[in-house]
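Participant: Dumping the structure here so I can ask a few things about it.
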2 protein chains.
Amino acid sequence: MWVFGTCIMKLMLSGWPKLLTVVPESCCLILTGIFVGIIFYITNTTVLSPLSSTIFFFCMLPPIIFNAGFFMPNRPFFDHLGTILLFAVMGTIFNTICIGISLWACGLSGLYGFQISLLETLIFSALISAVDPVAVLVVFEEIHVDKVLYIIVFGESLLNDAVTVVLYNMCDSYISLGPENIEASDVLSGFASFVVVALGGTMIGIFWGFLTGFVTKYTHRVLVIEPIFIFIMSYVAYVNAEAFQMSGILSIMFCGITMKNYVAENVSTTSLTTVKCGLKVLSNGSESIIFMFLGISTVNDYHEWNTAFIALTIFFCSLYRALGVVLLTEIANYFRLHQLNRVEKFVMSYGGLRGAIAFALVLLIDPKRIPHQPLFVTATISVVFFTVFVQGITMKPLVEFLKVKREENQEKTMNERLHDKMLDYTMAGVVDILNQLNSNKIRDKFKQFDYAYIRPYLIREKKHHEPKIC
Amino acid sequence: MWVFGTCIMKLMLSGWPKLLTVVPESCCLILTGIFVGIIFYITNTTVLSPLSSTIFFFCMLPPIIFNAGFFMPNRPFFDHLGTILLFAVMGTIFNTICIGISLWACGLSGLYGFQISLLETLIFSALISAVDPVAVLVVFEEIHVDKVLYIIVFGESLLNDAVTVVLYNMCDSYISLGPENIEASDVLSGFASFVVVALGGTMIGIFWGFLTGFVTKYTHRVLVIEPIFIFIMSYVAYVNAEAFQMSGILSIMFCGITMKNYVAENVSTTSLTTVKCGLKVLSNGSESIIFMFLGISTVNDYHEWNTAFIALTIFFCSLYRALGVVLLTEIANYFRLHQLNRVEKFVMSYGGLRGAIAFALVLLIDPKRIPHQPLFVTATISVVFFTVFVQGITMKPLVEFLKVKREENQEKTMNERLHDKMLDYTMAGVVDILNQLNSNKIRDKFKQFDYAYIRPYLIREKKHHEPKIC
């Protein structure tokens, strides 16, 4: 019924194209959700809370992230991986610590009218400081900014999940331990666990990605199970990572990134079309339902409104996002050839939308241990609504006003491609002579390794040494 | 995990093509299921009974039947609808009554060593006499018999569901009433309810089919939800029919038959490919899992073996299937232009496979009211295994031996098509002059009505008056 209703809603919205050019679809869906929620509230309909954390993390999020990984443009993603990681890791930690301490410090002055401990503000700031992939995806796909900007903000939103989850779990276990029992080793082990969670998730994803390539090598006799394999194995990658307490998001994303190179060559055209279209359908459907549910979940009795706390949260979120971006681009630009300019910095900070992941995480907080949980829920919804509505709606006019570089949709000509390829090889050669290590060389080495040792085992037909032009 | 395991199993089977030419895949999957079941049994793994009636009827059956409806060749199906209905309705009633009475009569002689009432044998014979669409589909698709034979047996297996469910519910309610309280009106109302269940299900299905056509007329702006609509609305048709106690199988089948004419012209090529391939994937997956689960569910402690009862069930099932086919083809041939000959009669009776629907129905029997339920379960599994293994495996050699007309896979030439069309129109004209009513005339009238009143409302582009050649 929810899927059906959401589809009908999307269909009705599509009949009003003028509205959609001004207000992003996500906002319309949230508003519809609020409307439905109000009807439920008035009529006292007892709906099972539709957006539970379990449903969100195990049904709705995986297709969205898998879709992102499967359609991720590999080249720009890995070219900008350094910058993305800097923002995802350092940016999120910076935001969490700054927002947490600032909120706590303001609490000390008695502004909120209640006492709040540093650990409580930190657990809240951990979940609120992560940029949300779904919200970013929806808004950035509508405005078509330049690929570099898109990949940096979207990549950050995908990779900061591991940081968020680790920081969140760290604070959660510190609260269980009790603040007086925390030792330096606990803090260190927390930061170490970040590496494990992120790398572990990535490794599991890559493993399942290769395995999917290997399995699809043999599915040509039973074409009908090809699409199932691709979907199921990516989901297994997610569940497998979660089962080992690793980052499922990173796992399913890298599973998609890895498998697409091999799967696309193994499976039949029909299966590939089905997988691609099916993925788009599933992820778009999930996104829509998430926004709808977000609206519905807003209308209930369990809110705790505190103007000072919520206003300060929104203020600090915006402030430290901008500060973090400015500081970190300084560092990034030091290593980058393509310098991130002022306009790009602005879009990056303005595009730091929060979304459903924060909401799902705040629902996971146990109100018995953290009595301020209802306030956190209200504050999270406020921040999400603020970013999605205010930033989401004004983003497009601002991008147009600031003349941000838009994505060129045209395909590269054969000539451009040939020159790009030649330049790549030349660069790899130059770097090799200089005995340095940069992305060109790594890419070149990986390609050699891939063609020599990976592809023969994962791809059926041995047509890989012919250039595409043949 | 089940889906994953089944896919791996299918993949492994596909690597052994020689086995598959002798043993149908369904048999291999059942054997695998039994093997897995034995492992579970030995290791005392407490698995949730994987093939519960709810999962079967609400998750696995709908995609299979929808797939059947969506890919149903409309022309032969409606051309042979009379014969199909004769077999589906009269054949099933004949089988149910004969098997039930025979089993009960043999029970009177004390052959089984226990007493069994007529109503009990009737409820069992109701569920065991229906030919199973999944089993028929799997076996007939592998041997590629002539389209007429295929459509008659497969159509019967689809349409007899309504009869089976009504007969089953009738017997069930008579048992609740107590045999002494049954009045003539109960029997009559039971037979009347068959008409309601079948026609109601069909109407609901056709309604949702038209509605899907209507909705997809407007989805060209949001292509991404097209496949969802098609799947969801067919499922809603199923659930809607079941909610009103109508035949869900007939509903989803006619939903598929109705929608495909309009949907295929409305949606984009990518969406159509996705829907078609997705349907094949889902239905094939469901079929495989059903056979696997059937094997697993076989291995448990709740069996009651009674050689006489089970042997007689198998004997009567085969006997009355053959008798029914012979009697009913006599009637059918009286009205048919294409006479069903001896070989076809044989294939029709030999192709009367039983399957998972019977198994799911027997699980629905309440052992508290009908203490012989464990025996019925064992007998049902025995009949299913007998038909699937013995008849399924010997079918192919027999069909080859008897030189049964196989399906010609080649497409009709343009010339043949033109002549077919011209003959159709001529026939419709001749019949019109003679003022008779036959399938040619009905088809012609429906086409006129369709083009004049239905298509304009359900199809976006008005390209329907151009012949396909343009």
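How things are named: the first chain in the structure tokens is A, the next is B, and so on; residues count from 1 in each chain; ligands count from 1 in the order shown.
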Show me, as a list in words, every residue of chain B with an atom at most 7 Å from chain A, counting only C-alpha atoms.
Facilitator: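 That gives the following set of residues: Phe4, Cys7, Leu11, Ser14, Thr219, Arg221, Val222, Val224, Ile225, Ile232, Thr270, Thr273, Thr274, Cys277, Gly278, Lys280 and Val281 of chain B.
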Participant: Run DSSP on the backbone and tell me which residues of stretch 180-307 of chain B come out as alpha helix (DSSP H); list them as a PyMOL selection string.
Facilitator: chain B and resi 184-216+226-243+248-266+269-298+307
Participant: Give me, please, the distance in Å between atom CA of B:Cys255 and atom CA of B:Leu211, quoted to one decimal.
Facilitator: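 So the answer is 9.4 Å.
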Participant: Using Å and a single decimal, report how far atom CA of A:Lys260 sits from atom CA of A:Gln245.
Facilitator: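 Separation between atom CA of A:Gln245 and atom CA of A:Lys260: 25.2 Å.
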Participant: Residues near A:Arg354, anyone? I mean within 10 Å using only C-alpha atoms, not counting same-chain ones fewer than 6 positions away, as JSON, numbers by chain.
Facilitator: {"A": [127, 128, 129, 130, 131, 132, 133, 134, 135, 136, 157, 317, 380, 381, 383, 384, 385, 386, 387, 388]}
Participant: Got time to write the residues from that selection, C-alpha atoms, as an mmCIF file, in the first residue's frame?
Facilitator:
data_model
loop_
_atom_site.group_PDB
_atom_site.id
_atom_site.type_symbol
_atom_site.label_atom_id
_atom_site.label_comp_id
_atom_site.auth_asym_id
_atom_site.auth_seq_id
_atom_site.Cartn_x
_atom_site.Cartn_y
_atom_site.Cartn_z
ATOM 1 C CA LEU A 127 24.467 11.451 14.010
ATOM 2 C CA ILE A 128 23.615 14.988 12.946
ATOM 3 C CA SER A 129 26.945 15.915 11.405
ATOM 4 C CA ALA A 130 26.953 13.309 8.645
ATOM 5 C CA VAL A 131 25.887 14.452 5.201
ATOM 6 C CA ASP A 132 23.131 12.197 3.918
ATOM 7 C CA PRO A 133 23.653 10.360 0.596
ATOM 8 C CA VAL A 134 19.947 10.132 -0.225
ATOM 9 C CA ALA A 135 19.249 13.821 0.303
ATOM 10 C CA VAL A 136 22.413 14.842 -1.561
ATOM 11 C CA SER A 157 28.139 11.529 2.009
ATOM 12 C CA CYS A 317 25.432 22.599 11.814
ATOM 13 C CA THR A 380 17.031 15.935 13.997
ATOM 14 C CA ILE A 381 13.755 16.352 12.136
ATOM 15 C CA VAL A 383 17.678 20.007 10.939
ATOM 16 C CA VAL A 384 16.603 17.591 8.196
ATOM 17 C CA PHE A 385 13.648 19.768 7.256
ATOM 18 C CA PHE A 386 15.760 22.911 7.387
ATOM 19 C CA THR A 387 18.430 21.509 5.100
ATOM 20 C CA VAL A 388 16.045 19.719 2.728
#
Participant: If we count only C-alpha atoms, what is near A:Ile34 at a cut-off of 10 Å, once residues fewer than 6 positions away on the same chain are taken out, given as an mmCIF file with C-alpha atoms, in the first residue's frame?
Facilitator:
data_model
loop_
_atom_site.group_PDB
_atom_site.id
_atom_site.type_symbol
_atom_site.label_atom_id
_atom_site.label_comp_id
_atom_site.auth_asym_id
_atom_site.auth_seq_id
_atom_site.Cartn_x
_atom_site.Cartn_y
_atom_site.Cartn_z
ATOM 1 C CA CYS A 28 6.798 17.636 -2.060
ATOM 2 C CA PHE A 40 -3.701 9.554 10.548
ATOM 3 C CA PHE A 291 10.857 11.098 2.263
ATOM 4 C CA MET A 292 7.183 10.192 2.489
ATOM 5 C CA PHE A 293 7.772 8.260 5.711
ATOM 6 C CA LEU A 294 9.892 11.070 7.096
ATOM 7 C CA GLY A 295 6.873 13.324 6.739
ATOM 8 C CA ILE A 296 4.513 10.809 8.294
ATOM 9 C CA SER A 297 6.846 10.108 11.218
ATOM 10 C CA THR A 298 6.939 13.817 12.006
ATOM 11 C CA VAL A 299 3.360 13.946 13.174
#
Participant: With a distance cut-off of 10 Å and only C-alpha atoms, select the neighbouring residues of B:Met395, excluding the residue or stretch itself and same-chain residues fewer than 2 positions from it, and output the selection as a list in words.
Facilitator: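 Within the cut-off, the hits are Pro24, Val139, Phe140, Ile143, Val347, Tyr350, Gly351, Val388, Phe389, Val390, Gln391, Gly392, Ile393, Pro397, Leu398, Val399, Glu400 and Phe401 of chain B.
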Participant: In Å to one decimal, how far is atom CA of A:Lys405 from atom CA of A:Val343?
Facilitator: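 Interatomic distance, atom CA of A:Val343 to atom CA of A:Lys405: 9.4 Å.
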Participant: With distances taken over only C-alpha atoms, which residue among B:Ser382, B:Ser109, B:Ser125, B:Ser251 lies nearest B:Ala162?
Facilitator: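 Using only C-alpha atoms, the shortest distance to B:Ala162 belongs to B:Ser251.
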